[in-house]
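Shown next: start29.txt, given as compact mmCIF, C-alpha atoms.
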```txt
# COMPACT_ATOMS: atom_id res chain seq x y z
CA MET Q 1 -88.97 81.97 30.99
CA GLY Q 2 -92.18 81.47 29.10
CA GLN Q 3 -91.00 78.55 26.95
CA PRO Q 4 -93.58 76.84 24.75
CA ALA Q 5 -95.15 73.67 26.11
CA VAL Q 6 -93.30 70.54 25.08
CA ASP Q 7 -95.21 67.56 23.73
CA ILE Q 8 -94.33 64.59 25.93
CA SER Q 9 -97.08 62.22 24.80
CA GLY Q 10 -95.80 58.70 24.22
CA ARG Q 11 -92.60 59.35 26.19
CA ALA Q 12 -91.28 58.24 29.59
CA ARG Q 13 -88.04 58.14 31.54
CA LEU Q 14 -86.14 56.05 34.06
CA SER Q 15 -85.32 58.07 37.17
CA CYS Q 16 -83.12 55.41 38.83
CA ARG Q 17 -79.44 56.18 38.19
CA LEU Q 18 -78.01 52.82 39.24
CA ARG Q 19 -75.69 51.48 36.53
CA ALA Q 20 -77.39 48.08 36.60
CA ALA Q 21 -80.82 49.64 36.09
CA GLN Q 22 -79.55 51.81 33.24
CA TRP Q 23 -78.04 48.73 31.57
CA LEU Q 24 -81.24 46.74 32.04
CA PHE Q 25 -83.28 49.26 30.06
CA LYS Q 26 -80.66 50.24 27.49
CA PRO Q 27 -81.65 49.58 23.84
CA THR Q 28 -79.48 47.14 21.93
CA ASN Q 29 -78.60 49.89 19.40
CA ASP Q 30 -77.91 53.58 19.84
CA VAL Q 31 -81.02 55.76 19.72
CA ASP Q 32 -81.46 59.45 20.41
CA ASP Q 33 -83.09 60.76 23.59
CA ALA Q 34 -86.52 61.00 21.97
CA GLY Q 35 -86.28 57.39 20.78
CA ARG Q 36 -85.16 56.14 24.18
CA GLU Q 37 -88.05 57.95 25.88
CA PHE Q 38 -90.45 56.42 23.36
CA LEU Q 39 -89.12 52.92 24.05
CA LEU Q 40 -89.46 53.37 27.80
CA ALA Q 41 -93.03 54.58 27.36
CA GLN Q 42 -93.95 51.24 25.77
CA LEU Q 43 -93.41 49.63 29.18
CA LEU Q 44 -96.36 51.63 30.49
CA THR Q 45 -98.87 50.47 27.89
CA THR Q 46 -101.43 47.62 27.88
CA PRO Q 47 -102.55 47.86 31.54
CA LEU Q 48 -105.51 45.59 30.76
CA ALA Q 49 -103.15 42.73 29.85
CA ALA Q 50 -101.47 43.02 33.24
CA LEU Q 51 -104.82 42.95 35.03
CA MET Q 52 -105.90 39.89 33.05
CA GLY Q 53 -102.67 38.18 34.10
CA SER Q 54 -103.49 38.93 37.73
CA PHE Q 55 -107.00 37.58 37.27
CA CYS Q 56 -105.70 34.30 35.81
CA ALA Q 57 -103.12 33.91 38.56
CA LEU Q 58 -105.70 34.67 41.24
CA THR Q 59 -107.96 31.97 39.79
CA ILE Q 60 -105.17 29.37 40.00
CA GLU Q 61 -104.36 30.43 43.57
CA LEU Q 62 -107.98 30.05 44.68
CA VAL Q 63 -108.19 26.60 43.07
CA ALA Q 64 -104.90 25.60 44.75
CA TRP Q 65 -106.18 26.69 48.15
CA HIS Q 66 -109.49 24.88 47.61
CA ARG Q 67 -107.76 21.61 46.62
CA SER Q 68 -104.97 21.64 49.17
CA GLY Q 69 -106.25 23.74 52.04
CA GLN Q 70 -102.68 24.96 52.54
CA PRO Q 71 -102.57 28.44 54.17
CA ILE Q 72 -99.56 29.43 52.03
CA TYR Q 73 -101.93 30.00 49.13
CA TRP Q 74 -103.64 32.75 51.11
CA LEU Q 75 -100.28 34.53 51.11
CA PHE Q 76 -100.18 34.24 47.32
CA ILE Q 77 -103.77 35.49 47.08
CA ALA Q 78 -102.98 38.47 49.33
CA GLY Q 79 -99.84 39.26 47.35
CA GLU Q 80 -101.76 39.05 44.04
CA VAL Q 81 -104.45 41.42 45.25
CA ALA Q 82 -101.85 43.83 46.69
CA VAL Q 83 -99.82 43.99 43.46
CA ALA Q 84 -102.95 44.47 41.35
CA ALA Q 85 -104.17 47.26 43.67
CA CYS Q 86 -100.78 48.99 43.53
CA ARG Q 87 -100.86 48.80 39.73
CA VAL Q 88 -104.30 50.41 39.58
CA ILE Q 89 -103.16 53.18 41.95
CA GLU Q 90 -100.00 53.74 39.90
CA TRP Q 91 -101.97 53.96 36.62
CA GLN Q 92 -104.49 56.38 38.11
CA GLY Q 93 -101.75 58.56 39.58
CA ARG Q 94 -99.96 58.70 36.25
CA ALA Q 95 -103.18 59.61 34.42
CA GLN Q 96 -103.86 62.47 36.84
CA ARG Q 97 -100.43 64.07 36.47
CA SER Q 98 -99.92 67.17 34.33
CA SER Q 99 -99.60 66.58 30.59
CA THR Q 100 -96.25 68.39 30.77
CA HIS Q 101 -94.90 65.95 33.38
CA LEU Q 102 -92.71 63.27 31.85
CA PRO Q 103 -93.79 59.99 33.51
CA THR Q 104 -91.27 57.60 35.05
CA ILE Q 105 -91.29 53.83 34.62
CA ASP Q 106 -89.68 52.99 37.97
CA ARG Q 107 -92.80 52.04 39.95
CA SER Q 108 -94.35 50.19 37.03
CA VAL Q 109 -91.27 48.02 36.38
CA LEU Q 110 -90.82 47.34 40.09
CA LEU Q 111 -94.39 46.04 40.25
CA SER Q 112 -93.71 43.90 37.17
CA VAL Q 113 -90.67 42.37 38.87
CA LEU Q 114 -92.67 41.71 42.04
CA TRP Q 115 -95.53 40.14 40.10
CA CYS Q 116 -93.29 37.84 38.05
CA THR Q 117 -91.40 36.84 41.20
CA LEU Q 118 -94.74 36.02 42.81
CA GLN Q 119 -95.73 33.88 39.81
CA GLY Q 120 -92.40 32.06 39.90
CA LEU Q 121 -92.78 31.25 43.60
CA LEU Q 122 -96.37 30.12 43.03
CA ALA Q 123 -95.24 27.80 40.19
CA PHE Q 124 -92.45 26.37 42.37
CA THR Q 125 -94.85 25.73 45.27
CA ILE Q 126 -97.47 24.05 43.11
CA ILE Q 127 -95.31 21.82 40.95
CA SER Q 128 -93.14 20.67 43.86
CA SER Q 129 -96.33 19.63 45.71
CA GLY Q 130 -96.92 16.73 43.33
CA ASP Q 131 -100.59 17.59 42.66
CA LEU Q 132 -101.12 16.66 39.01
CA VAL Q 133 -104.13 18.92 38.41
CA LEU Q 134 -102.49 21.95 39.99
CA SER Q 135 -99.23 21.21 38.15
CA VAL Q 136 -101.03 21.25 34.80
CA LEU Q 137 -102.79 24.49 35.71
CA SER Q 138 -99.51 26.02 36.90
CA ALA Q 139 -97.67 25.01 33.72
CA THR Q 140 -100.51 26.45 31.65
CA LEU Q 141 -100.32 29.72 33.56
CA VAL Q 142 -96.54 30.01 33.16
CA MET Q 143 -96.68 29.33 29.43
CA ALA Q 144 -99.60 31.74 29.01
CA MET Q 145 -97.66 34.50 30.78
CA ILE Q 146 -94.56 34.31 28.62
CA GLY Q 147 -96.23 35.65 25.47
CA PRO Q 148 -97.71 38.80 27.06
CA ILE Q 149 -94.45 39.43 28.93
CA CYS Q 150 -92.48 39.33 25.67
CA ALA Q 151 -95.04 41.46 23.82
CA ARG Q 152 -95.40 44.04 26.60
CA ASN Q 153 -91.70 44.54 27.42
CA TYR Q 154 -89.82 44.02 24.13
CA ALA Q 155 -88.83 47.70 24.16
CA ALA Q 156 -86.35 46.73 26.92
CA PRO Q 157 -85.20 43.22 25.89
CA ARG Q 158 -82.91 42.63 28.87
CA PHE Q 159 -85.70 43.54 31.27
CA ALA Q 160 -88.19 41.39 29.34
CA PHE Q 161 -85.87 38.38 29.54
CA LEU Q 162 -85.38 38.96 33.27
CA LEU Q 163 -89.17 38.75 33.75
CA VAL Q 164 -89.28 35.53 31.73
CA LEU Q 165 -86.55 34.04 33.93
CA LEU Q 166 -88.35 35.08 37.11
CA CYS Q 167 -91.40 33.11 35.98
CA ASP Q 168 -89.73 30.10 34.38
CA ILE Q 169 -86.67 29.25 36.50
CA PRO Q 170 -88.63 28.63 39.74
CA PHE Q 171 -91.07 26.48 37.74
CA VAL Q 172 -88.19 24.39 36.36
CA THR Q 173 -86.58 24.18 39.81
CA GLY Q 174 -89.85 22.94 41.29
CA ALA Q 175 -90.16 20.29 38.58
CA VAL Q 176 -86.61 19.05 39.20
CA THR Q 177 -87.12 18.83 42.97
CA SER Q 178 -90.61 17.32 42.77
CA GLY Q 179 -89.37 13.74 42.90
CA GLN Q 180 -91.02 12.89 39.58
CA PRO Q 181 -88.30 11.48 37.27
CA TRP Q 182 -90.17 12.21 34.05
CA LEU Q 183 -90.35 15.92 34.93
CA LEU Q 184 -86.56 16.04 34.52
CA VAL Q 185 -87.31 16.25 30.78
CA ILE Q 186 -88.03 19.91 31.46
CA LEU Q 187 -84.29 20.50 31.95
CA PRO Q 188 -83.09 19.88 28.35
CA ILE Q 189 -86.08 21.68 26.79
CA THR Q 190 -85.75 24.81 28.95
CA PRO Q 191 -82.73 26.37 27.13
CA PRO Q 192 -84.38 26.12 23.68
CA PHE Q 193 -87.57 27.51 25.18
CA LEU Q 194 -85.73 30.51 26.68
CA LEU Q 195 -83.81 30.99 23.43
CA GLY Q 196 -87.08 31.09 21.52
CA ALA Q 197 -88.54 33.62 23.94
CA MET Q 198 -85.48 35.82 23.55
CA GLN Q 199 -85.72 35.53 19.77
CA ILE Q 200 -89.31 36.76 19.88
CA ILE Q 201 -88.32 39.68 22.10
CA MET Q 202 -85.39 40.67 19.89
CA THR Q 203 -87.44 40.41 16.69
CA PHE Q 204 -89.97 42.89 18.03
CA HIS Q 205 -87.20 45.06 19.48
CA ARG Q 206 -85.23 45.28 16.22
CA SER Q 207 -88.38 46.10 14.29
CA MET Q 208 -89.10 48.97 16.67
CA LEU Q 209 -85.50 50.23 16.43
CA GLN Q 210 -85.71 50.24 12.63
CA THR Q 211 -88.91 52.29 12.81
CA LEU Q 212 -87.31 54.74 15.24
CA ALA Q 213 -84.23 55.05 13.03
CA ALA Q 214 -86.39 55.87 10.01
CA GLN Q 215 -88.33 58.42 12.03
CA ALA Q 216 -85.12 59.99 13.36
CA HIS Q 217 -83.72 60.24 9.82
CA ALA Q 218 -86.92 61.87 8.55
CA ARG Q 219 -86.89 64.25 11.51
CA HIS Q 220 -83.25 65.13 10.83
CA LEU Q 221 -84.05 65.93 7.20
CA ALA Q 222 -87.02 68.05 8.25
CA GLU Q 223 -85.09 70.01 10.89
CA HIS Q 224 -81.73 70.54 9.17
CA ASP Q 225 -80.67 72.74 6.30
CA TRP Q 226 -80.01 70.64 3.21
CA LEU Q 227 -77.06 72.80 2.15
CA THR Q 228 -75.05 73.49 5.30
CA GLY Q 229 -76.17 70.63 7.53
CA VAL Q 230 -76.97 72.94 10.46
CA LEU Q 231 -80.47 73.42 11.85
CA ASN Q 232 -83.05 75.12 9.65
CA ARG Q 233 -85.84 77.43 10.84
CA GLN Q 234 -88.09 74.55 11.84
CA GLY Q 235 -85.24 72.79 13.61
CA MET Q 236 -84.39 75.90 15.59
CA ASP Q 237 -88.05 76.30 16.58
CA GLN Q 238 -88.12 72.69 17.79
CA ALA Q 239 -84.83 73.06 19.64
CA LEU Q 240 -86.04 76.18 21.43
CA SER Q 241 -89.26 74.43 22.42
CA ARG Q 242 -87.26 71.65 24.07
CA ILE Q 243 -85.23 74.00 26.27
CA VAL Q 244 -86.52 73.56 29.82
CA PRO Q 245 -87.22 76.94 31.49
CA ASP Q 246 -84.80 77.76 34.27
CA ALA Q 247 -84.90 81.13 36.01
CA GLU Q 248 -81.29 80.69 37.14
CA ARG Q 249 -79.91 80.02 33.68
CA GLN Q 250 -79.33 82.71 31.09
CA MET Q 251 -79.63 82.45 27.35
CA ALA Q 252 -78.65 84.67 24.44
CA LEU Q 253 -80.02 84.63 20.91
CA ILE Q 254 -77.70 85.96 18.20
CA SER Q 255 -78.97 86.95 14.75
CA ILE Q 256 -76.35 87.04 11.98
CA ASP Q 257 -76.67 88.53 8.51
CA LEU Q 258 -73.88 88.32 5.95
CA ASP Q 259 -72.63 91.57 4.44
CA GLY Q 260 -71.79 91.45 0.77
CA PHE Q 261 -73.29 88.05 0.05
CA LYS Q 262 -75.58 89.36 -2.70
CA GLU Q 263 -72.59 90.74 -4.56
CA VAL Q 264 -70.88 87.33 -4.43
CA ASN Q 265 -73.99 85.70 -5.85
CA ASP Q 266 -74.28 88.29 -8.61
CA ARG Q 267 -70.60 88.07 -9.54
CA PHE Q 268 -69.86 84.36 -9.23
CA GLY Q 269 -73.30 82.72 -9.44
CA HIS Q 270 -75.49 80.79 -7.06
CA GLY Q 271 -73.16 77.79 -7.01
CA ALA Q 272 -70.41 79.95 -5.55
CA GLY Q 273 -72.92 81.41 -3.10
CA ASP Q 274 -73.90 77.95 -1.90
CA LEU Q 275 -70.25 76.99 -1.49
CA LEU Q 276 -69.64 80.15 0.53
CA LEU Q 277 -72.61 79.45 2.82
CA THR Q 278 -71.28 75.98 3.66
CA GLN Q 279 -67.93 77.51 4.58
CA VAL Q 280 -69.59 80.18 6.73
CA ALA Q 281 -71.57 77.52 8.59
CA ARG Q 282 -68.38 75.53 9.18
CA ARG Q 283 -66.55 78.58 10.56
CA LEU Q 284 -69.45 79.43 12.87
CA ARG Q 285 -69.65 75.85 14.11
CA ASP Q 286 -65.92 75.85 14.86
CA ALA Q 287 -66.26 79.09 16.83
CA LEU Q 288 -69.12 77.80 19.00
CA GLY Q 289 -69.32 75.33 21.84
CA ASP Q 290 -70.78 71.85 21.56
CA ASP Q 291 -73.94 72.86 23.45
CA ASP Q 292 -74.60 75.97 21.36
CA LEU Q 293 -77.31 75.87 18.68
CA LEU Q 294 -76.63 77.04 15.13
CA ALA Q 295 -79.23 77.41 12.39
CA ARG Q 296 -79.47 78.81 8.91
CA MET Q 297 -82.78 80.64 8.97
CA GLY Q 298 -82.88 81.22 5.22
CA GLY Q 299 -80.78 82.94 2.55
CA ASP Q 300 -77.68 84.37 4.21
CA GLU Q 301 -79.25 84.64 7.68
CA PHE Q 302 -77.94 82.54 10.56
CA MET Q 303 -79.01 82.27 14.19
CA VAL Q 304 -77.09 81.13 17.26
CA VAL Q 305 -78.48 80.25 20.68
CA VAL Q 306 -76.04 80.24 23.58
CA ARG Q 307 -77.11 79.00 27.00
CA GLY Q 308 -75.51 79.67 30.37
CA MET Q 309 -73.69 82.81 29.26
CA VAL Q 310 -74.07 86.21 30.94
CA PRO Q 311 -74.63 89.26 28.66
CA ASP Q 312 -71.10 90.59 29.25
CA GLN Q 313 -69.71 87.40 27.73
CA VAL Q 314 -72.00 87.44 24.70
CA ALA Q 315 -70.53 90.66 23.29
CA PRO Q 316 -66.99 89.21 22.95
CA LEU Q 317 -68.51 86.08 21.40
CA ALA Q 318 -70.29 88.23 18.82
CA ASP Q 319 -66.94 89.86 18.01
CA ARG Q 320 -65.34 86.44 17.53
CA LEU Q 321 -68.12 85.34 15.21
CA ILE Q 322 -67.77 88.46 13.08
CA ALA Q 323 -64.02 87.89 12.93
CA ALA Q 324 -64.45 84.20 12.06
CA ILE Q 325 -66.68 85.12 9.13
CA SER Q 326 -64.78 88.09 7.77
CA ARG Q 327 -61.11 87.37 8.56
CA HIS Q 328 -60.33 85.10 5.59
CA ALA Q 329 -61.52 84.92 1.99
CA TYR Q 330 -63.75 82.10 0.75
CA GLU Q 331 -63.35 79.64 -2.08
CA THR Q 332 -65.85 80.16 -4.86
CA GLY Q 333 -64.99 77.22 -7.08
CA GLN Q 334 -63.34 79.66 -9.41
CA SER Q 335 -59.90 81.21 -9.53
CA VAL Q 336 -60.99 84.33 -7.62
CA PRO Q 337 -61.78 84.08 -3.89
CA ALA Q 338 -64.53 86.16 -2.31
CA ARG Q 339 -64.90 87.99 0.96
CA VAL Q 340 -67.98 88.71 3.05
CA GLY Q 341 -68.55 90.30 6.40
CA ALA Q 342 -71.27 89.96 9.02
CA SER Q 343 -73.57 92.11 11.09
CA ILE Q 344 -74.84 90.77 14.40
CA GLY Q 345 -77.68 91.63 16.73
CA PHE Q 346 -78.34 89.80 19.98
CA ALA Q 347 -80.65 89.85 22.96
CA CYS Q 348 -80.45 88.10 26.31
CA LEU Q 349 -82.97 86.22 28.40
CA PRO Q 350 -84.25 87.28 30.88
CA GLU Q 351 -82.67 90.73 30.77
CA ASP Q 352 -84.01 91.82 27.37
CA ALA Q 353 -87.15 89.69 26.97
CA ALA Q 354 -89.69 87.61 28.88
CA ASN Q 355 -89.83 84.66 26.46
CA THR Q 356 -88.19 83.31 23.34
CA VAL Q 357 -90.71 84.97 21.01
CA GLU Q 358 -89.77 88.42 22.31
CA LEU Q 359 -86.12 87.39 22.36
CA ARG Q 360 -86.10 86.66 18.62
CA LEU Q 361 -87.89 89.90 17.78
CA ARG Q 362 -85.46 91.95 19.83
CA ALA Q 363 -82.42 90.20 18.43
CA ASP Q 364 -83.73 91.10 14.96
CA GLU Q 365 -84.18 94.71 16.07
CA ALA Q 366 -80.61 94.74 17.33
CA LEU Q 367 -79.48 93.33 13.96
CA TYR Q 368 -81.23 96.16 12.10
CA ALA Q 369 -79.44 98.61 14.41
CA ALA Q 370 -76.11 96.96 13.61
CA LYS Q 371 -76.71 97.29 9.86
CA ASP Q 372 -77.75 100.90 10.26
CA ALA Q 373 -74.53 101.48 12.19
CA GLY Q 374 -72.49 100.62 9.11
CA LYS Q 375 -72.48 96.81 8.97
CA GLY Q 376 -69.66 94.60 10.18
CA VAL Q 377 -70.61 95.36 13.79
CA GLY Q 378 -72.67 93.82 16.56
CA ARG Q 379 -75.27 95.33 18.83
CA ARG Q 380 -77.23 94.16 21.82
CA TYR Q 381 -80.89 94.97 22.27
CA GLY Q 382 -81.85 96.79 25.44
CA ARG Q 383 -82.85 100.07 26.92
CA LEU Q 384 -79.38 101.40 26.15
CA ALA Q 385 -79.12 99.70 22.76
CA ALA Q 386 -79.77 102.84 20.76
CA ALA Q 387 -77.04 104.71 22.59
CA ALA Q 388 -74.62 101.83 22.95
CA PRO Q 389 -71.53 101.93 20.74
CA PRO Q 390 -71.07 99.06 18.28
CA LEU Q 391 -68.91 96.13 19.29
CA ALA Q 392 -65.33 96.20 18.09
CA GLN Q 393 -65.22 96.21 14.31
CA THR Q 394 -63.15 93.66 12.49
CA ALA Q 395 -61.37 94.47 9.30
```
Any chance you could put this one into C-alpha cells?
Amino acid sequence: MGQPAVDISGRARLSCRLRAAQWLFKPTNDVDDAGREFLLAQLLTTPLAALMGSFCALTIELVAWHRSGQPIYWLFIAGEVAVAACRVIEWQGRAQRSSTHLPTIDRSVLLSVLWCTLQGLLAFTIISSGDLVLSVLSATLVMAMIGPICARNYAAPRFAFLLVLLCDIPFVTGAVTSGQPWLLVILPITPPFLLGAMQIIMTFHRSMLQTLAAQAHARHLAEHDWLTGVLNRQGMDQALSRIVPDAERQMALISIDLDGFKEVNDRFGHGAGDLLLTQVARRLRDALGDDDLLARMGGDEFMVVVRGMVPDQVAPLADRLIAAISRHAYETGQSVPARVGASIGFACLPEDAANTVELRLRADEALYAAKDAGKGVGRRYGRLAAAAPPLAQTA
C-alpha cells in the first residue's frame, strides 16, 4: 500500500510463542511494544564479548587436553568451535538482512544457552577430576564469565539468571562430588554469590526500564494533543508509518471539521472553545473502536483512521460520528450551552488512493466537497464523489 519505511534500528523480536519462552524474556515491569523490542535488541549486542568468551574457554580446553590426554576434551573443543562458528554465521546473516526486517533473537539466545551449558559441563568435568591446576583455571573461567553474562543479558533478567545457573550449578556439583572435603565450602557461599549476580542484573535492568519509561513519556507528550489527550498531527504521522502494508486489509481515513466552532469561540471565549474540543474528542473516542486512531490535527480539525472496514461500512460510521458531535449541546463553563455540527470527508485504501499520502489529500478534498454541499454532511472521495449525494444529514 505504499506505506513509509519504518525505522527498526535498535529493535528485535522473539518469534517463539511458547509461554515459557515468553515468560523468560518478559521485562519485570510493563513496557510498550517499542520498549520491549528495544530490550530484546540488547541481547544481540556485544558479539566481540561472546567471541572472547569462546577464546578463553577454548584455551582452557586445550590446556586440559594437554595435561590429561583425555579424549573428552576434544569433544569440548569441537563443541566450542561449532558454537563460535554458528554465532559468526548468525551475526553475518543478520547483518545482511534488509534494514526493514525486524531481527529475531531466537537463534542467538539458543546459542547462548548451548554455550553456557557447554561451559557448565566443562567446569563439572574439570573440577571433578581432582586436577588442582585445571580446577583453578576452571574456577577462574566460570567467575570471569559471570560478569559478561550479566552485562550482556540484563535486558532479560530471567534469561540472564538462567545462563548464570547453567555455568555455576555444574561447577558447584563437580566440586561437591570431587571427593575434596574443603571444596564443600562452595555450597554455603553459592547462594550469596547467585544473589549478588541477580542483584547486578536487576540493577542494570531497572535502570534501563527507568530510561525507557522516561523516553515513552516524552514520546507520548510529543505525539499527543495537550488539550484533548488524543494523537496530534505528529502522532498520527507516526501511527500511520507503523501500519504494516497489507494488500488484503482495507483502511479508511476520515477528515472531520467542526461547523460553528468559530462562533462558539467568538461568543464564549477560547476557554469555552477548549472545553468544547475536549468534549468533542471524548464523544468521537466513544463512537470509535479500540483499534481506531483518533487525532486532533489542529484547531477544530480531527482525523480518524479505521482499519479493516470496507467502504460501504465507512459511510454509516461517518453518519454516526456526525450525529455524535451534533446531537447534544456542549458545556461552555457558562450558563449557556453551545452546539456545533461536523462535516466529514473520507477516502478508502486501496480503492481511492495508492498510499497514505494520497489518501489524506483525497480525504481533504472530500471534506471540502462536504462543506460546499452545505455542511453537516459527509462525502467519500472517488470517481463518483462529485455526483454522489451527501450522507444522511443529522439535525
Name all residues at most 12 Å from Gln199 in chain Q (count only C-alpha atoms; drop same-chain ones fewer than 5 positions away) and give them as a short mmCIF file (atom, residue, chain, number, x, y, z; two decimals) with C-alpha atoms, in the coordinates of the input.
```cif
data_model
loop_
_atom_site.label_atom_id
_atom_site.label_comp_id
_atom_site.auth_asym_id
_atom_site.auth_seq_id
_atom_site.Cartn_x
_atom_site.Cartn_y
_atom_site.Cartn_z
CA GLY Q 147 -96.23 35.65 25.47
CA CYS Q 150 -92.48 39.33 25.67
CA ALA Q 151 -95.04 41.46 23.82
CA TYR Q 154 -89.82 44.02 24.13
CA PRO Q 157 -85.20 43.22 25.89
CA ARG Q 158 -82.91 42.63 28.87
CA ALA Q 160 -88.19 41.39 29.34
CA PHE Q 161 -85.87 38.38 29.54
CA PRO Q 192 -84.38 26.12 23.68
CA PHE Q 193 -87.57 27.51 25.18
CA LEU Q 194 -85.73 30.51 26.68
CA PHE Q 204 -89.97 42.89 18.03
CA HIS Q 205 -87.20 45.06 19.48
CA ARG Q 206 -85.23 45.28 16.22
#
```
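Using all atoms listed in the file, the residues found no farther than 7 Å from range 46-56 of chain Q, other than those of its own chain fewer than 2 positions away, are Leu44, Leu58, Thr59, Ile60, Glu80 and Ala84 of chain Q.
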Just the selected residues (C-alpha atoms), exported as an mmCIF file, in the frame of the given file, please.
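Result saved to again39.cif:
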```cif
data_model
loop_
_atom_site.group_PDB
_atom_site.id
_atom_site.type_symbol
_atom_site.label_atom_id
_atom_site.label_comp_id
_atom_site.auth_asym_id
_atom_site.auth_seq_id
_atom_site.Cartn_x
_atom_site.Cartn_y
_atom_site.Cartn_z
ATOM 1 C CA LEU Q 44 -96.360 51.630 30.490
ATOM 2 C CA LEU Q 58 -105.700 34.670 41.240
ATOM 3 C CA THR Q 59 -107.960 31.970 39.790
ATOM 4 C CA ILE Q 60 -105.170 29.370 40.000
ATOM 5 C CA GLU Q 80 -101.760 39.050 44.040
ATOM 6 C CA ALA Q 84 -102.950 44.470 41.350
#
```
When you look at Val377 in chain Q with a cut-off of 12 Å (counting all atoms listed in the file), what residues show up, excluding the ones that are within fewer than 2 positions of it in the same chain? I need them as a CSV table (one decimal) with C-alpha atoms, in the coordinates of the input.
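Final output, saved to selection_34.csv:
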```csv
chain,number,residue,atom,x,y,z
Q,255,SER,CA,-79.0,87.0,14.8
Q,256,ILE,CA,-76.4,87.0,12.0
Q,257,ASP,CA,-76.7,88.5,8.5
Q,258,LEU,CA,-73.9,88.3,6.0
Q,259,ASP,CA,-72.6,91.6,4.4
Q,315,ALA,CA,-70.5,90.7,23.3
Q,316,PRO,CA,-67.0,89.2,23.0
Q,318,ALA,CA,-70.3,88.2,18.8
Q,319,ASP,CA,-66.9,89.9,18.0
Q,320,ARG,CA,-65.3,86.4,17.5
Q,321,LEU,CA,-68.1,85.3,15.2
Q,322,ILE,CA,-67.8,88.5,13.1
Q,323,ALA,CA,-64.0,87.9,12.9
Q,325,ILE,CA,-66.7,85.1,9.1
Q,326,SER,CA,-64.8,88.1,7.8
Q,341,GLY,CA,-68.6,90.3,6.4
Q,342,ALA,CA,-71.3,90.0,9.0
Q,343,SER,CA,-73.6,92.1,11.1
Q,344,ILE,CA,-74.8,90.8,14.4
Q,345,GLY,CA,-77.7,91.6,16.7
Q,346,PHE,CA,-78.3,89.8,20.0
Q,366,ALA,CA,-80.6,94.7,17.3
Q,367,LEU,CA,-79.5,93.3,14.0
Q,368,TYR,CA,-81.2,96.2,12.1
Q,369,ALA,CA,-79.4,98.6,14.4
Q,370,ALA,CA,-76.1,97.0,13.6
Q,371,LYS,CA,-76.7,97.3,9.9
Q,372,ASP,CA,-77.8,100.9,10.3
Q,373,ALA,CA,-74.5,101.5,12.2
Q,374,GLY,CA,-72.5,100.6,9.1
Q,375,LYS,CA,-72.5,96.8,9.0
Q,379,ARG,CA,-75.3,95.3,18.8
Q,380,ARG,CA,-77.2,94.2,21.8
Q,388,ALA,CA,-74.6,101.8,23.0
Q,389,PRO,CA,-71.5,101.9,20.7
Q,390,PRO,CA,-71.1,99.1,18.3
Q,391,LEU,CA,-68.9,96.1,19.3
Q,392,ALA,CA,-65.3,96.2,18.1
Q,393,GLN,CA,-65.2,96.2,14.3
Q,394,THR,CA,-63.2,93.7,12.5
Q,395,ALA,CA,-61.4,94.5,9.3
```
message = One decimal, in Å: what's the spacing between CA of Ala329 in chain Q and CA of Thr228 in chain Q?
response = 18.0 Å
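Rounded to one decimal, CA of Leu277 in chain Q and CA of His224 in chain Q lie 14.2 Å from each other.
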inquiry  = As an exercise, work out the distance from CA of Thr125 in chain Q to CA of Val185 in chain Q in Å and give it to one decimal place.
reply    =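 Separation of CA of Thr125 in chain Q and CA of Val185 in chain Q: 18.9 Å.
Minimum distance to Tyr73 in chain Q across Q:Glu37, Q:Asp168, Q:Asp30, Q:Glu61 (counting all atoms listed in the file) occurs at Q:Glu61.
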key: Residue contacts of range 171-179 of chain Q (6 Å, all atoms listed in the file) excluding same-chain residues fewer than 6 positions away, as a count of residues only   = 4
query = Between Q:Leu62, Q:Glu263, Q:Glu351, Q:Val83, which is the closest to Thr117 in chain Q once you count only C-alpha atoms?
reply =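 Among the listed residues, the smallest separation from Thr117 in chain Q belongs to Q:Val83.
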request  = With a distance cut-off of 8 Å and only C-alpha atoms, select the neighbouring residues of Ser108 in chain Q, excluding the residue or stretch itself and same-chain residues fewer than 6 positions from it, and output the selection as a ChimeraX atom specification.
outcome  = /Q:43-44,87,90
